[in-house]
Each structure stands twice: as structure tokens, then as C-alpha cells.
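What follows is one structure encoded as C-alpha cells, with my remarks underneath.
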Amino acid sequence: MRIHVPVVICGLLLSWSAVASAAEEPTTGAVETSMDYFVFIYRPGPGWSGETPPLEQPGVEGHFLLMGELEESKILVTGGPFKDFSGLFGIIEAESLSQARNIIARDPILIQGTMVADILPWHPTVTGCIEPRRWTPGS
């Protein structure tokens, strides 16, 4: 894996700058909401077969159905597989980490053990396709 040091440093500086300025003054355009963002990262689990093509792995069809349902209900913000199909990444909105875990735990690809998931709270600090929200470190 190749890491571009200037890009990483720029990202860290932008994130630190956003945290520091958030402490000094309110963020313009921030959205007040009780919902938070959560990142989920899937990677192959004990049920993953290296012999089977990625789209034919156990639970994939049910995974697509669940992700479609979450997208329709505006819970799924974005997501998709890594280009090499070594896993996938997504962002959902939920009221708590517990609720986010319960949402993701319904995924057939996890239930069948084809993949395992990590779920982390996420605070967007750089303007892009997702609105920045008021945030203080530690919250």
C-alpha cells in the first residue's frame, strides 16, 4: 500500500485546524441534529471463501437488499466495496453507536460469517458531500 505523505499531512492539518476553529467559534453552515455518522468497515470473516467470486459469497444477495433498504430510508449515506473486493466501507446515520451496531448486525453477510465489521463514530470536519456538524473533541 502506497501512502502519499503530503496528502496525509494535509488531511491531518485540515482536521486539526477544523477542531481548533470549532473550539473558538461556531461552524458556519453546521447542521443541528440528534443523529450522528458512523463508519462501518467490513473485511473477510471465517465464512469467506477465497475460491468463490466476491459477488457469489454467502449472504451477498441479502446484503444488497439490506443496503438498498437503508439507502431508501436515508440511513445509508454512502458505501461500496474496495476495488480489490478485500472488504467494503460505508457511512450510516444513527442516534447512537448501539443503534448503529444493531442496524449493521442485520446484514446477512455478517450473520453468515462471510464478513466481519468494525463500526466507529465519525465526525466530518471538512466540507464535502456531507454537511459538517457542530462538534467538540470528546463528544
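FYI, nothing fancy with the C-alpha cells labels: chains A, B, ... in order, residues from 1 per chain, ligands from 1 as they appear.
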
* region 76-91 of chain A environment, 10 Å, only C-alpha atoms, sequence neighbours closer than 2 positions dropped, as a PyMOL selection string -> chain A and resi 37-45+53-55+66-74+93-94+100+115-122+129-130

* CA of Ile75 (chain A) to CA of Pro58 (chain A): how many Å, to one decimal? ->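 Calculated distance between CA of Ile75 (chain A) and CA of Pro58 (chain A) is 23.9 Å.
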
* To do: Apply DSSP to the backbone of this structure and, from region 79-117 of chain A, keep only the residues in strand (DSSP E); write these as a PyMOL selection string.
  => chain A and resi 79-81+88-94+115-117

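Closest approach to Gly113 (chain A) from the set A:Val126, A:Val60, A:Met35, A:Leu65 is made by A:Val60, with distances taken over only C-alpha atoms.
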
* **Interatomic distance (Å, one decimal) between CA of Thr114 (chain A) and CA of Ser49 (chain A)** =>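 Answer for the CA of Thr114 (chain A) to CA of Ser49 (chain A) separation: 7.9 Å.
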
* Point-to-point distance from CA of Pro46 (chain A) to CA of Gly59 (chain A), Å rounded to tenths ->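 We find that CA of Pro46 (chain A) and CA of Gly59 (chain A) lie 13.1 Å from each other.
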